[in-house]
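Asker: Quick one, my_file.pdb (PDB, C-alpha atoms):
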```pdb
ATOM      1  CA  MET A   1     -52.354 -44.789-176.790
ATOM      2  CA  GLU A   2     -48.997 -46.363-176.991
ATOM      3  CA  LEU A   3     -46.841 -47.784-174.350
ATOM      4  CA  SER A   4     -44.413 -44.910-174.442
ATOM      5  CA  GLU A   5     -47.167 -42.384-173.838
ATOM      6  CA  ILE A   6     -48.453 -44.360-170.889
ATOM      7  CA  MET A   7     -44.951 -44.649-169.472
ATOM      8  CA  ASN A   8     -44.390 -40.934-170.009
ATOM      9  CA  PHE A   9     -47.621 -40.108-168.208
ATOM     10  CA  VAL A  10     -46.962 -42.497-165.319
ATOM     11  CA  LEU A  11     -43.364 -41.578-164.872
ATOM     12  CA  GLY A  12     -43.834 -37.956-165.890
ATOM     13  CA  GLY A  13     -44.692 -36.878-162.406
ATOM     14  CA  GLY A  14     -48.490 -36.782-162.354
ATOM     15  CA  LEU A  15     -48.884 -40.118-160.667
ATOM     16  CA  ALA A  16     -45.829 -39.717-158.501
ATOM     17  CA  THR A  17     -47.100 -36.344-157.295
ATOM     18  CA  ALA A  18     -50.536 -37.803-156.623
ATOM     19  CA  LEU A  19     -49.102 -40.705-154.631
ATOM     20  CA  THR A  20     -46.798 -38.402-152.651
ATOM     21  CA  GLY A  21     -49.719 -36.096-151.878
ATOM     22  CA  LEU A  22     -51.872 -39.034-150.829
ATOM     23  CA  PHE A  23     -49.272 -40.361-148.378
ATOM     24  CA  THR A  24     -48.626 -36.867-146.987
ATOM     25  CA  ILE A  25     -52.334 -36.201-146.483
ATOM     26  CA  ARG A  26     -52.811 -39.584-144.811
ATOM     27  CA  ALA A  27     -50.017 -38.833-142.327
ATOM     28  CA  THR A  28     -51.451 -35.376-141.626
ATOM     29  CA  VAL A  29     -54.922 -36.842-141.016
ATOM     30  CA  ARG A  30     -53.505 -39.420-138.608
ATOM     31  CA  LYS A  31     -51.634 -36.703-136.739
ATOM     32  CA  LYS A  32     -54.733 -34.508-136.453
ATOM     33  CA  LEU A  33     -56.858 -37.455-135.278
ATOM     34  CA  ALA A  34     -54.282 -38.240-132.598
ATOM     35  CA  GLU A  35     -54.358 -34.584-131.481
ATOM     36  CA  ALA A  36     -58.169 -34.662-131.347
ATOM     37  CA  ASP A  37     -58.120 -37.831-129.235
ATOM     38  CA  LYS A  38     -55.590 -36.216-126.894
ATOM     39  CA  ALA A  39     -57.807 -33.105-126.571
ATOM     40  CA  LYS A  40     -60.818 -35.324-125.752
ATOM     41  CA  ALA A  41     -58.818 -37.165-123.097
ATOM     42  CA  ASP A  42     -57.673 -33.836-121.600
ATOM     43  CA  ALA A  43     -61.243 -32.548-121.541
ATOM     44  CA  GLU A  44     -62.421 -35.735-119.806
ATOM     45  CA  SER A  45     -59.601 -35.387-117.272
ATOM     46  CA  VAL A  46     -60.635 -31.790-116.548
ATOM     47  CA  ARG A  47     -64.278 -32.865-116.164
ATOM     48  CA  ILE A  48     -63.291 -35.588-113.693
ATOM     49  CA  ASP A  49     -61.118 -33.122-111.739
ATOM     50  CA  ASN A  50     -64.015 -30.648-111.591
ATOM     51  CA  ALA A  51     -66.385 -33.360-110.368
ATOM     52  CA  GLU A  52     -63.907 -34.408-107.674
ATOM     53  CA  HIS A  53     -63.464 -30.791-106.603
ATOM     54  CA  ALA A  54     -67.237 -30.232-106.442
ATOM     55  CA  THR A  55     -67.644 -33.404-104.384
ATOM     56  CA  GLN A  56     -64.908 -32.270-101.997
ATOM     57  CA  VAL A  57     -66.567 -28.852-101.614
ATOM     58  CA  LEU A  58     -69.905 -30.529-100.843
ATOM     59  CA  VAL A  59     -68.299 -32.797 -98.278
ATOM     60  CA  ASN A  60     -66.465 -29.920 -96.587
ATOM     61  CA  ASN A  61     -69.352 -27.438 -96.617
ATOM     62  CA  ILE A  62     -72.376 -29.677 -96.101
ATOM     63  CA  VAL A  63     -71.577 -33.187 -94.948
ATOM     64  CA  GLU A  64     -69.010 -32.330 -92.263
ATOM     65  CA  PRO A  65     -71.176 -29.659 -90.567
ATOM     66  CA  LEU A  66     -74.156 -32.012 -90.686
ATOM     67  CA  LYS A  67     -72.085 -34.760 -89.081
ATOM     68  CA  ASP A  68     -71.015 -32.367 -86.335
ATOM     69  CA  GLU A  69     -74.603 -31.264 -85.775
ATOM     70  CA  LEU A  70     -75.793 -34.874 -85.703
ATOM     71  CA  ASP A  71     -73.138 -35.768 -83.143
ATOM     72  CA  GLY A  72     -74.217 -32.799 -81.006
ATOM     73  CA  THR A  73     -77.852 -33.831 -81.301
ATOM     74  CA  ARG A  74     -76.975 -37.383 -80.290
ATOM     75  CA  LYS A  75     -75.120 -36.097 -77.238
ATOM     76  CA  ASP A  76     -78.094 -33.917 -76.316
ATOM     77  CA  LEU A  77     -80.435 -36.883 -76.754
ATOM     78  CA  MET A  78     -78.309 -39.072 -74.517
ATOM     79  CA  ALA A  79     -78.187 -36.329 -71.869
ATOM     80  CA  THR A  80     -81.965 -35.961 -72.096
ATOM     81  CA  LYS A  81     -82.405 -39.726 -71.713
ATOM     82  CA  ARG A  82     -80.185 -39.695 -68.621
ATOM     83  CA  GLU A  83     -82.184 -36.823 -67.135
ATOM     84  CA  MET A  84     -85.453 -38.632 -67.905
ATOM     85  CA  ALA A  85     -84.143 -41.744 -66.142
ATOM     86  CA  ARG A  86     -83.168 -39.654 -63.113
ATOM     87  CA  LEU A  87     -86.606 -38.020 -63.110
ATOM     88  CA  ARG A  88     -88.330 -41.423 -63.301
ATOM     89  CA  LYS A  89     -86.268 -42.673 -60.357
ATOM     90  CA  ALA A  90     -87.095 -39.553 -58.359
ATOM     91  CA  ILE A  91     -90.809 -39.920 -59.085
ATOM     92  CA  ASP A  92     -90.734 -43.592 -58.110
ATOM     93  CA  ARG A  93     -88.988 -42.696 -54.859
ATOM     94  CA  ALA A  94     -91.450 -39.840 -54.250
ATOM     95  CA  ASN A  95     -94.395 -42.203 -54.618
ATOM     96  CA  SER A  96     -93.061 -44.327 -51.780
ATOM     97  CA  CYS A  97     -92.325 -41.316 -49.558
ATOM     98  CA  LYS A  98     -94.202 -41.011 -46.250
ATOM     99  CA  HIS A  99     -95.261 -37.438 -47.203
ATOM    100  CA  HIS A 100     -96.643 -38.635 -50.539
ATOM    101  CA  ASP A 101    -100.279 -37.634 -49.954
ATOM    102  CA  GLY A 102     -99.665 -33.940 -49.333
ATOM    103  CA  CYS A 103     -96.657 -33.407 -51.607
ATOM    104  CA  PRO A 104     -97.135 -30.202 -53.639
ATOM    105  CA  VAL A 105     -94.540 -31.297 -56.180
ATOM    106  CA  LEU A 106     -96.382 -34.516 -57.007
ATOM    107  CA  ASN A 107     -99.709 -32.665 -57.094
ATOM    108  CA  GLY A 108     -98.220 -30.123 -59.486
ATOM    109  CA  MET A 109     -96.922 -32.882 -61.729
ATOM    110  CA  ARG A 110    -100.360 -34.475 -61.919
ATOM    111  CA  GLU A 111    -101.914 -31.286 -63.340
ATOM    112  CA  HIS A 112    -101.909 -30.919 -67.116
ATOM    113  CA  PRO A 113    -100.030 -27.769 -68.115
ATOM    114  CA  LYS A 114    -101.767 -25.467 -70.605
ATOM    115  CA  ASP A 115    -100.433 -22.855 -72.943
ATOM    116  CA  ASP A 116    -101.657 -19.250 -73.186
ATOM    117  CA  SER A 117    -104.602 -20.100 -75.454
ATOM    118  CA  GLY A 118    -105.972 -22.670 -73.008
ATOM    119  CA  ASN A 119    -104.999 -25.703 -75.063
ATOM    120  CA  ASP A 120    -103.090 -28.633 -73.677
ATOM    121  CA  LEU A 121     -99.379 -28.540 -74.396
ATOM    122  CA  ASP A 122     -99.586 -31.940 -76.035
ATOM    123  CA  GLY A 123    -100.995 -30.223 -79.117
ATOM    124  CA  SER A 124    -104.356 -31.989 -79.075
ATOM    125  CA  GLY A 125    -106.244 -28.732 -78.635
ATOM    126  CA  ALA A 126    -108.790 -30.496 -76.468
ATOM    127  CA  ASP A 127    -109.321 -29.337 -72.932
ATOM    128  CA  ASP A 128    -109.971 -31.831 -70.201
ATOM    129  CA  GLY A 129    -113.046 -30.287 -68.817
ATOM    130  CA  GLY A 130    -116.594 -29.619 -70.164
ATOM    131  CA  GLN A 131    -118.560 -26.982 -68.375
ATOM    132  CA  LEU A 132    -117.458 -25.134 -65.287
ATOM    133  CA  ASP A 133    -118.438 -26.624 -61.936
ATOM    134  CA  GLY A 134    -120.819 -23.860 -60.910
ATOM    135  CA  ARG A 135    -122.756 -21.078 -62.597
ATOM    136  CA  SER A 136    -123.034 -17.510 -61.494
ATOM    137  CA  PRO A 137    -126.402 -16.070 -60.622
ATOM    138  CA  PRO A 138    -128.327 -14.842 -63.680
ATOM    139  CA  ASP A 139    -127.935 -11.168 -62.820
ATOM    140  CA  ALA A 140    -124.158 -11.341 -62.151
ATOM    141  CA  ASP A 141    -121.478 -11.239 -64.779
ATOM    142  CA  PRO A 142    -118.189 -12.815 -63.751
ATOM    143  CA  ASN A 143    -116.226 -10.214 -65.722
ATOM    144  CA  GLY A 144    -117.988  -7.290 -64.061
ATOM    145  CA  ALA A 145    -119.722  -5.958 -67.188
ATOM    146  CA  GLU A 146    -123.467  -5.909 -67.785
ATOM    147  CA  VAL A 147    -124.682  -8.604 -70.094
ATOM    148  CA  GLY A 148    -128.329  -7.785 -70.697
ATOM    149  CA  GLY A 149    -130.083  -4.534 -71.504
ATOM    150  CA  GLU A 150    -132.703  -2.656 -69.547
ATOM    151  CA  THR A 151    -136.079  -4.235 -68.846
ATOM    152  CA  ASP A 152    -137.974  -1.960 -71.235
ATOM    153  CA  ASP A 153    -135.406  -2.360 -74.021
ATOM    154  CA  THR A 154    -137.087  -3.910 -77.078
ATOM    155  CA  GLY A 155    -134.072  -3.763 -79.336
ATOM    156  CA  ARG A 156    -135.542  -0.972 -81.516
ATOM    157  CA  GLN A 157    -134.138   2.434 -82.225
ATOM    158  CA  PRO A 158    -135.603   5.444 -80.446
ATOM    159  CA  ASP A 159    -138.525   7.092 -82.239
ATOM    160  CA  GLU A 160    -136.600  10.204 -83.261
ATOM    161  CA  ALA A 161    -133.938   8.128 -85.023
ATOM    162  CA  ALA A 162    -136.421   5.783 -86.753
ATOM    163  CA  PRO A 163    -137.207   6.446 -90.425
ATOM    164  CA  ALA A 164    -140.658   7.703 -91.235
ATOM    165  CA  GLY A 165    -143.355   5.028 -91.317
ATOM    166  CA  ILE A 166    -141.320   2.411 -89.413
ATOM    167  CA  ILE A 167    -142.069   1.977 -85.740
TER
END
```
Kindly present the structure from the file in structure tokens form.

Answerer:
Amino acid sequence: MELSEIMNFVLGGGLATALTGLFTIRATVRKKLAEADKAKADAESVRIDNAEHATQVLVNNIVEPLKDELDGTRKDLMATKREMARLRKAIDRANSCKHHDGCPVLNGMREHPKDDSGNDLDGSGADDGGQLDGRSPPDADPNGAEVGGETDDTGRQPDEAAPAGII
């Protein structure tokens, strides 16, 4: 190949077109990469906004009502503590009262309250007693119903109801 052919090929447009195409493609790629980076940044911004919005919704719908409820519970607890202190003072004063021995209020406070099932209200389920103080006579039922059977009752079925061969 001679120098003139090489110069014709190089200057003929093939190389110039290739170089122009290469620079154009490089600029287009850079532009598209910049657009992709901008889209990623926008998506991250939207994700952060959504997270902030979700956090704000949680705070408004859950945290604030819980704070209000907690404040109410604290106020109730303080009121209960004040009432307990007043009750303690009243009991202390009642113990030093001249009518202390026959006071029905103090006697009622000394009794352990029970719920409907007979268990203590403290939840222990244990009653404070054992057996009853006295027993009824053997032939009396405290509920008014007969407990035992007749004196000749052997616990068997009558003869007419018994199967054959069993008596």

Asker: Provide the atom CA of Asp101 of chain A to atom CA of Arg82 of chain A distance in Å, to one decimal place.

Answerer: 27.5 Å

Asker: Which is closer to Ala90 of chain A than all the others in A:Val46, A:Leu33, A:Val105, A:Ala18, using only C-alpha atoms?

Answerer: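 Using only C-alpha atoms, the shortest distance to Ala90 of chain A belongs to A:Val105.
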
Asker: Please report the interatomic distance between atom CA of His99 of chain A and atom CA of Arg86 of chain A in Å with one decimal.

Answerer: 20.1 Å

Asker: Quick one: distance from atom CA of Glu5 of chain A to atom CA of Leu19 of chain A in Å, one decimal?

Answerer: 19.4 Å
